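Undergrad: I am sharing entry.cif, which consists of mmCIF, C-alpha atoms and all ligand atoms:
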data_coords
loop_
_atom_site.label_atom_id
_atom_site.label_comp_id
_atom_site.auth_asym_id
_atom_site.auth_seq_id
_atom_site.Cartn_x
_atom_site.Cartn_y
_atom_site.Cartn_z
CA MET A 19 -53.12 -86.41 -4.64
CA ILE A 20 -54.28 -88.77 -1.90
CA GLY A 21 -52.05 -86.93 0.59
CA GLU A 22 -53.73 -83.60 -0.17
CA LEU A 23 -57.12 -85.23 0.03
CA GLN A 24 -56.39 -86.74 3.44
CA ASP A 25 -55.11 -83.36 4.52
CA VAL A 26 -58.25 -81.44 3.61
CA ILE A 27 -60.67 -84.00 5.05
CA ALA A 28 -58.46 -84.50 8.12
CA GLY A 29 -58.74 -88.28 7.88
CA PRO A 30 -57.76 -91.39 5.92
CA VAL A 31 -58.96 -92.11 2.36
CA SER A 32 -59.17 -95.70 1.11
CA ARG A 33 -57.83 -96.78 -2.28
CA GLU A 34 -61.40 -97.54 -3.34
CA THR A 35 -62.54 -94.02 -2.49
CA GLU A 36 -59.58 -92.51 -4.29
CA SER A 37 -60.36 -94.62 -7.33
CA LYS A 38 -64.04 -93.53 -7.32
CA LEU A 39 -63.02 -89.89 -7.11
CA LYS A 40 -60.74 -90.38 -10.10
CA GLN A 41 -63.57 -92.04 -12.02
CA TYR A 42 -65.88 -89.17 -11.14
CA ALA A 43 -63.24 -86.64 -12.27
CA ALA A 44 -62.95 -88.49 -15.60
CA LEU A 45 -66.75 -88.59 -16.07
CA LEU A 46 -66.98 -84.90 -15.28
CA LEU A 47 -64.31 -83.95 -17.79
CA GLU A 48 -65.94 -86.14 -20.46
CA GLU A 49 -69.37 -84.62 -19.80
CA ASN A 50 -67.86 -81.13 -19.84
CA GLU A 51 -67.35 -81.64 -23.58
CA ARG A 52 -71.14 -81.99 -23.96
CA GLN A 53 -72.45 -79.47 -21.44
CA ASN A 54 -70.84 -76.55 -19.72
CA LEU A 55 -70.26 -77.87 -16.20
CA ILE A 56 -67.00 -76.25 -15.18
CA SER A 57 -65.27 -73.35 -16.88
CA ARG A 58 -62.61 -74.10 -19.49
CA ALA A 59 -60.17 -72.07 -17.41
CA SER A 60 -60.62 -74.37 -14.41
CA VAL A 61 -60.33 -77.72 -16.24
CA ASP A 62 -56.59 -78.00 -15.62
CA ALA A 63 -57.11 -77.21 -11.96
CA LEU A 64 -59.99 -79.67 -11.51
CA TRP A 65 -58.51 -81.31 -8.39
CA PRO A 66 -57.62 -78.28 -6.27
CA ARG A 67 -60.25 -75.91 -7.60
CA HIS A 68 -63.25 -78.25 -7.54
CA LEU A 69 -62.60 -81.65 -5.94
CA LEU A 70 -60.46 -80.67 -2.96
CA ASP A 71 -62.48 -77.49 -2.56
CA SER A 72 -65.59 -79.67 -2.21
CA ALA A 73 -63.91 -82.37 -0.13
CA GLN A 74 -62.84 -79.96 2.59
CA LEU A 75 -66.49 -79.48 3.60
CA LEU A 76 -66.62 -83.05 4.92
CA ALA A 77 -64.65 -82.12 8.03
CA LEU A 78 -67.22 -79.42 8.89
CA GLY A 79 -70.29 -81.66 9.26
CA ARG A 80 -71.04 -85.08 10.75
CA ARG A 81 -70.74 -87.96 8.28
CA GLU A 82 -73.75 -89.73 9.82
CA ALA A 83 -75.98 -86.69 9.27
CA ARG A 84 -78.60 -86.28 6.53
CA TRP A 85 -76.96 -83.91 4.05
CA LEU A 86 -78.56 -81.73 1.39
CA ASP A 87 -76.61 -80.08 -1.43
CA ILE A 88 -78.57 -77.27 -3.06
CA GLY A 89 -77.80 -76.52 -6.72
CA SER A 90 -75.29 -79.36 -7.15
CA GLY A 91 -74.73 -78.69 -10.85
CA PRO A 92 -72.24 -81.39 -11.83
CA GLY A 93 -72.08 -82.71 -8.23
CA LEU A 94 -70.00 -80.06 -6.48
CA PRO A 95 -69.76 -80.54 -3.61
CA GLY A 96 -72.55 -83.17 -3.27
CA MET A 97 -71.13 -86.00 -5.37
CA VAL A 98 -67.67 -85.57 -3.86
CA LEU A 99 -69.14 -85.78 -0.35
CA ALA A 100 -71.12 -88.88 -1.34
CA ILE A 101 -67.97 -90.57 -2.65
CA LEU A 102 -66.13 -89.63 0.54
CA GLY A 103 -68.79 -91.48 2.50
CA VAL A 104 -71.42 -89.25 4.07
CA SER A 105 -74.27 -91.55 5.16
CA ARG A 106 -77.05 -89.98 3.11
CA ILE A 107 -77.06 -87.02 0.78
CA THR A 108 -79.70 -85.44 -1.45
CA LEU A 109 -78.54 -83.47 -4.48
CA VAL A 110 -81.17 -81.04 -5.73
CA GLU A 111 -80.67 -79.43 -9.12
CA PRO A 112 -83.29 -78.06 -11.54
CA ARG A 113 -81.43 -78.64 -14.82
CA ARG A 114 -82.36 -82.03 -16.24
CA LEU A 115 -79.17 -82.49 -18.28
CA ARG A 116 -77.18 -82.05 -15.09
CA THR A 117 -79.28 -84.46 -13.03
CA ASP A 118 -79.09 -87.03 -15.85
CA PHE A 119 -75.31 -86.77 -15.54
CA LEU A 120 -75.51 -87.07 -11.73
CA SER A 121 -77.69 -90.19 -12.03
CA ARG A 122 -75.19 -91.76 -14.42
CA CYS A 123 -72.40 -91.08 -11.90
CA VAL A 124 -74.42 -92.73 -9.12
CA GLU A 125 -74.91 -95.81 -11.30
CA LYS A 126 -71.33 -96.04 -12.59
CA LEU A 127 -69.80 -95.54 -9.16
CA SER A 128 -72.34 -97.87 -7.46
CA LEU A 129 -73.22 -95.29 -4.81
CA ASP A 130 -76.12 -96.19 -2.52
CA ASN A 131 -76.09 -93.09 -0.31
CA VAL A 132 -77.25 -90.52 -2.88
CA GLU A 133 -80.68 -89.24 -3.89
CA ILE A 134 -80.88 -87.06 -6.98
CA VAL A 135 -83.83 -84.67 -7.24
CA THR A 136 -84.57 -82.72 -10.41
CA GLY A 137 -86.18 -79.44 -9.40
CA LYS A 138 -85.74 -76.29 -7.40
CA VAL A 139 -85.05 -76.59 -3.70
CA GLU A 140 -88.19 -74.52 -3.06
CA GLN A 141 -90.21 -77.55 -4.24
CA LEU A 142 -88.39 -80.03 -2.02
CA SER A 143 -89.76 -81.40 1.25
CA GLY A 144 -87.94 -83.23 4.02
CA SER A 145 -85.54 -82.32 6.76
CA PHE A 146 -81.77 -82.26 6.75
CA ASP A 147 -79.00 -81.86 9.35
CA VAL A 148 -76.35 -80.34 7.10
CA ILE A 149 -76.99 -78.09 4.09
CA THR A 150 -74.32 -77.18 1.57
CA ALA A 151 -74.55 -74.96 -1.51
CA ARG A 152 -71.62 -73.85 -3.65
CA ALA A 153 -71.88 -70.88 -6.00
CA VAL A 154 -75.68 -70.97 -6.00
CA ALA A 155 -77.01 -67.79 -4.38
CA SER A 156 -76.30 -65.11 -1.78
CA LEU A 157 -76.34 -66.16 1.88
CA GLU A 158 -79.55 -64.27 2.43
CA ARG A 159 -81.23 -66.11 -0.44
CA LEU A 160 -79.84 -69.49 0.66
CA PHE A 161 -81.27 -69.07 4.16
CA GLU A 162 -84.58 -68.04 2.61
CA ILE A 163 -84.90 -71.10 0.38
CA GLY A 164 -83.13 -73.64 2.61
CA ALA A 165 -84.35 -72.79 6.12
CA PRO A 166 -87.68 -74.69 5.81
CA LEU A 167 -85.66 -77.89 5.24
CA MET A 168 -83.21 -77.51 8.09
CA THR A 169 -83.53 -79.38 11.41
CA ARG A 170 -83.38 -77.35 14.64
CA ALA A 171 -79.83 -78.42 15.48
CA GLY A 172 -78.77 -78.39 11.84
CA ARG A 173 -75.70 -76.77 10.37
CA TRP A 174 -75.05 -74.78 7.22
CA VAL A 175 -71.71 -75.36 5.51
CA LEU A 176 -71.46 -72.79 2.76
CA PRO A 177 -68.30 -72.11 0.77
CA LYS A 178 -68.07 -68.46 -0.15
CA GLY A 179 -65.56 -66.39 -2.08
CA ARG A 180 -64.18 -62.99 -1.24
CA SER A 181 -67.66 -61.62 -0.69
CA ALA A 182 -68.19 -63.74 2.44
CA VAL A 183 -67.94 -60.96 5.03
CA LYS A 184 -70.16 -58.58 3.07
CA GLU A 185 -72.74 -61.27 2.35
CA LEU A 186 -72.82 -62.26 6.00
CA GLU A 187 -73.38 -58.66 7.11
CA GLN A 188 -76.22 -58.37 4.64
CA ALA A 189 -77.79 -61.69 5.70
CA GLN A 190 -77.56 -60.83 9.40
CA ARG A 191 -80.00 -57.96 8.87
CA THR A 192 -82.71 -60.57 8.40
CA TRP A 193 -81.26 -63.74 9.96
CA GLN A 194 -79.79 -64.45 13.38
CA GLY A 195 -77.84 -67.44 14.62
CA THR A 196 -74.28 -68.55 15.30
CA PHE A 197 -72.01 -67.74 12.40
CA GLU A 198 -68.36 -68.64 11.93
CA LEU A 199 -66.26 -67.81 8.88
CA MET A 200 -63.62 -70.51 8.45
CA PRO A 201 -60.60 -70.27 6.16
CA SER A 202 -60.74 -72.27 2.94
CA ARG A 203 -57.96 -74.88 2.64
CA THR A 204 -57.82 -74.41 -1.13
CA ASP A 205 -58.15 -70.67 -1.67
CA PRO A 206 -56.61 -68.08 0.66
CA ASP A 207 -59.17 -65.46 -0.40
CA ALA A 208 -62.22 -67.65 0.17
CA ARG A 209 -64.13 -68.47 3.37
CA ILE A 210 -66.54 -71.17 4.42
CA LEU A 211 -69.50 -70.05 6.47
CA VAL A 212 -70.49 -72.53 9.17
CA ALA A 213 -73.77 -71.51 10.73
CA SER A 214 -76.22 -73.02 13.18
CA GLY A 215 -79.44 -71.99 14.91
CA VAL A 216 -80.24 -69.77 11.95
CA ARG A 217 -83.69 -68.20 12.24
CA ARG A 218 -85.41 -65.13 10.90
CA ARG A 219 -85.22 -62.06 13.08
CA ALA A 220 -88.54 -60.91 14.50
CA ARG A 221 -89.93 -58.02 12.47
CA ARG A 222 -90.04 -54.77 14.44
CA GLY A 223 -93.32 -52.93 14.92
C1 LIG B 1 -73.12 -71.74 -10.71
S1 LIG B 1 -73.87 -73.30 -10.60
C2 LIG B 1 -72.90 -74.09 -9.35
C3 LIG B 1 -72.99 -75.57 -9.44
C4 LIG B 1 -72.15 -76.32 -8.40
N1 LIG B 1 -72.66 -76.13 -7.07
C5 LIG B 1 -70.69 -75.93 -8.48
O1 LIG B 1 -70.13 -75.45 -7.49
O2 LIG B 1 -70.10 -76.10 -9.56
C6 LIG B 1 -75.41 -72.96 -9.74
C7 LIG B 1 -76.37 -74.15 -9.79
O3 LIG B 1 -77.49 -73.88 -8.93
C8 LIG B 1 -78.64 -74.35 -9.56
N2 LIG B 1 -79.79 -73.62 -8.95
C9 LIG B 1 -80.15 -72.33 -9.16
N3 LIG B 1 -81.27 -72.04 -8.45
C10 LIG B 1 -81.62 -73.17 -7.77
C11 LIG B 1 -82.69 -73.50 -6.88
N4 LIG B 1 -83.64 -72.60 -6.57
N5 LIG B 1 -82.75 -74.75 -6.38
C12 LIG B 1 -81.79 -75.66 -6.70
N6 LIG B 1 -80.76 -75.40 -7.54
C13 LIG B 1 -80.67 -74.17 -8.08
C14 LIG B 1 -78.41 -74.06 -11.04
O4 LIG B 1 -79.23 -74.83 -11.88
C15 LIG B 1 -76.94 -74.37 -11.18
O5 LIG B 1 -76.70 -75.69 -11.59
#
Before we go any further, please render this structure as structure tokens.

TA:
Amino acid sequence: MIGELQDVIAGPVSRETESKLKQYAALLLEENERQNLISRASVDALWPRHLLDSAQLLALGRREARWLDIGSGPGLPGMVLAILGVSRITLVEPRRLRTDFLSRCVEKLSLDNVEIVTGKVEQLSGSFDVITARAVASLERLFEIGAPLMTRAGRWVLPKGRSAVKELEQAQRTWQGTFELMPSRTDPDARILVASGVRRRARRG
């Protein structure tokens, strides 16, 4: 497990970090009995499908940056990135039951680099260097709701499924910037959009 983890983040993982990830996985599975956090079908594949899938995003942004994870749900990818040691990360999620769970994880794992915000990202203020969002909204919608919070030199790191190319084409009608679709290390059909300098196109006429 640790080998795969080191592989996807392209760096070493300490025993302490591995142990915290295992604790988080156990908390998530326990909480999944109370609220629907991950699908029943994906429970057996928790590590590859959710944890490694989240962990791979670490290599695509600077650890020292201020990170924002929109629509974290049970902490994917935000809590995984926090455990792996990004300097500061805000997890914004409107559903109170989910943020209560996230706060319990922060306490149990003694994490001091995480801020949990209950609410929609549209209500959030602040500025961030890296924004992630997994299975939350279309690219176009994510740029719409996240752009006001992004720094000028900031970077979007957005895991996307098979629809990545189509979604990007659609988003580029309204948004311009530098866009790169990277392969996912955990799903051959999925892509991760890494984007920077994203700004709204000037309206014609
Ligand atoms: C399908 S879940 C995905 C959760 C998690 N990112 C994952 O990969 O498992 C989408 C999450 O986005 C949250 N969400 C939806 N609209 C949002 C918004 N405007 N601001 C913040 N979170 C939002 C939902 O409450 C939900 O928890």

Undergrad: Show me, as a PyMOL selection string, the residues that have an atom within 9 Å of segment 101-107 of chain A when counting only C-alpha atoms, minus same-chain residues fewer than 5 positions from it.

TA: chain A and resi 31+35-36+38-39+42+73+76+80-87+96+127+129-134+146

Undergrad: Would you work out the distance separating atom CA of Ile163 of chain A from atom CA of Leu120 of chain A, expressed in Å to one decimal?

TA: 22.1 Å

Undergrad: Residues up to 7 Å from ligand LIG 1 (chain B), counting only C-alpha atoms and all ligand atoms: could you list those as a list in words?

TA: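 Counting only C-alpha atoms and all ligand atoms, the residues within 7 Å of ligand LIG 1 (chain B) come out as Leu55, Ile56, Ile88, Gly89, Ser90, Gly91, Pro92, Gly93, Leu94, Pro95, Val110, Glu111, Pro112, Arg113, Gly137, Lys138, Val139, Glu140, Ala151, Arg152, Ala153 and Val154 of chain A.
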
Undergrad: In Å to one decimal, how far is atom CA of Glu198 of chain A from atom CA of Arg217 of chain A?

TA: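 Going from atom CA of Arg217 of chain A over to atom CA of Glu198 of chain A covers 15.3 Å.
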
Undergrad: Considering only C-alpha atoms, tabulate each residue of segment 128-223 of chain A that lies at most 12 Å from segment 62-66 of chain A along with its nearest interatomic pair and the corresponding distance in Å to one decimal; arrange the rows by chain and ascending residue number and present them as CSV.

TA:
residue,atom,partner,partner_atom,distance
A:Ser202,CA,A:Pro66,CA,11.4
A:Arg203,CA,A:Pro66,CA,9.5
A:Thr204,CA,A:Pro66,CA,6.4
A:Asp205,CA,A:Pro66,CA,8.9

Undergrad: Could you tell me which of A:Trp193, A:Leu186, A:Gln41, A:Arg180 comes closest to Arg122 of chain A if we count only C-alpha atoms?

TA: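 Looking only at the distances to Arg122 of chain A, the closest residue turns out to be A:Gln41.
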
Undergrad: Counting only C-alpha atoms, which residue out of A:Ser32, A:Thr108, A:Ile210, A:Gly172 sits closest to Leu142 of chain A?

TA: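 Of the candidates, the smallest distance to Leu142 of chain A is held by A:Thr108.
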
Undergrad: Rounded to one decimal in Å, what is the spacing between atom CA of Leu23 of chain A and atom CA of Ala213 of chain A?

TA: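 A separation of 24.1 Å between them.
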
Undergrad: So for segment 165-179 of chain A, what box centre and size do we get, axis-aligned, 8 Å extra on each of the six sides, every listed atom, Å to one decimal, as JSON?

TA:
{"center_x": -76.6, "center_y": -72.9, "center_z": 6.7, "size_x": 38.1, "size_y": 29.0, "size_z": 33.6}

Undergrad: Can I get segment 58-75 of chain A with N, CA and C atoms filled in, as a CSV table (one decimal), keeping the file's coordinate frame?

TA:
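And here's rebuild-v3.csv as it stands now:
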chain,number,residue,atom,x,y,z
A,58,ARG,N,-63.8,-73.6,-18.8
A,58,ARG,CA,-62.6,-74.1,-19.5
A,58,ARG,C,-61.4,-73.8,-18.7
A,59,ALA,N,-61.4,-72.6,-18.1
A,59,ALA,CA,-60.2,-72.1,-17.4
A,59,ALA,C,-59.9,-72.9,-16.2
A,60,SER,N,-60.9,-73.6,-15.6
A,60,SER,CA,-60.6,-74.4,-14.4
A,60,SER,C,-60.4,-75.9,-14.7
A,61,VAL,N,-60.5,-76.3,-15.9
A,61,VAL,CA,-60.3,-77.7,-16.2
A,61,VAL,C,-59.0,-78.3,-15.8
A,62,ASP,N,-57.9,-77.5,-16.0
A,62,ASP,CA,-56.6,-78.0,-15.6
A,62,ASP,C,-56.4,-78.1,-14.1
A,63,ALA,N,-57.2,-77.3,-13.4
A,63,ALA,CA,-57.1,-77.2,-12.0
A,63,ALA,C,-58.3,-77.9,-11.3
A,64,LEU,N,-58.8,-79.0,-12.0
A,64,LEU,CA,-60.0,-79.7,-11.5
A,64,LEU,C,-59.8,-80.1,-10.1
A,65,TRP,N,-58.7,-80.8,-9.7
A,65,TRP,CA,-58.5,-81.3,-8.4
A,65,TRP,C,-58.5,-80.2,-7.3
A,66,PRO,N,-57.6,-79.3,-7.4
A,66,PRO,CA,-57.6,-78.3,-6.3
A,66,PRO,C,-58.9,-77.4,-6.3
A,67,ARG,N,-59.2,-76.9,-7.5
A,67,ARG,CA,-60.2,-75.9,-7.6
A,67,ARG,C,-61.7,-76.4,-7.3
A,68,HIS,N,-61.9,-77.7,-7.7
A,68,HIS,CA,-63.2,-78.2,-7.5
A,68,HIS,C,-63.3,-79.4,-6.6
A,69,LEU,N,-62.4,-80.4,-6.8
A,69,LEU,CA,-62.6,-81.6,-5.9
A,69,LEU,C,-62.1,-81.4,-4.5
A,70,LEU,N,-60.9,-80.9,-4.3
A,70,LEU,CA,-60.5,-80.7,-3.0
A,70,LEU,C,-61.3,-79.6,-2.3
A,71,ASP,N,-61.7,-78.6,-3.1
A,71,ASP,CA,-62.5,-77.5,-2.6
A,71,ASP,C,-63.8,-78.0,-2.0
A,72,SER,N,-64.4,-79.0,-2.7
A,72,SER,CA,-65.6,-79.7,-2.2
A,72,SER,C,-65.3,-80.6,-1.0
A,73,ALA,N,-64.2,-81.4,-1.1
A,73,ALA,CA,-63.9,-82.4,-0.1
A,73,ALA,C,-63.7,-81.8,1.2
A,74,GLN,N,-63.2,-80.6,1.3
A,74,GLN,CA,-62.8,-80.0,2.6
A,74,GLN,C,-64.1,-79.7,3.5
A,75,LEU,N,-65.3,-79.7,2.8
A,75,LEU,CA,-66.5,-79.5,3.6
A,75,LEU,C,-66.8,-80.7,4.5
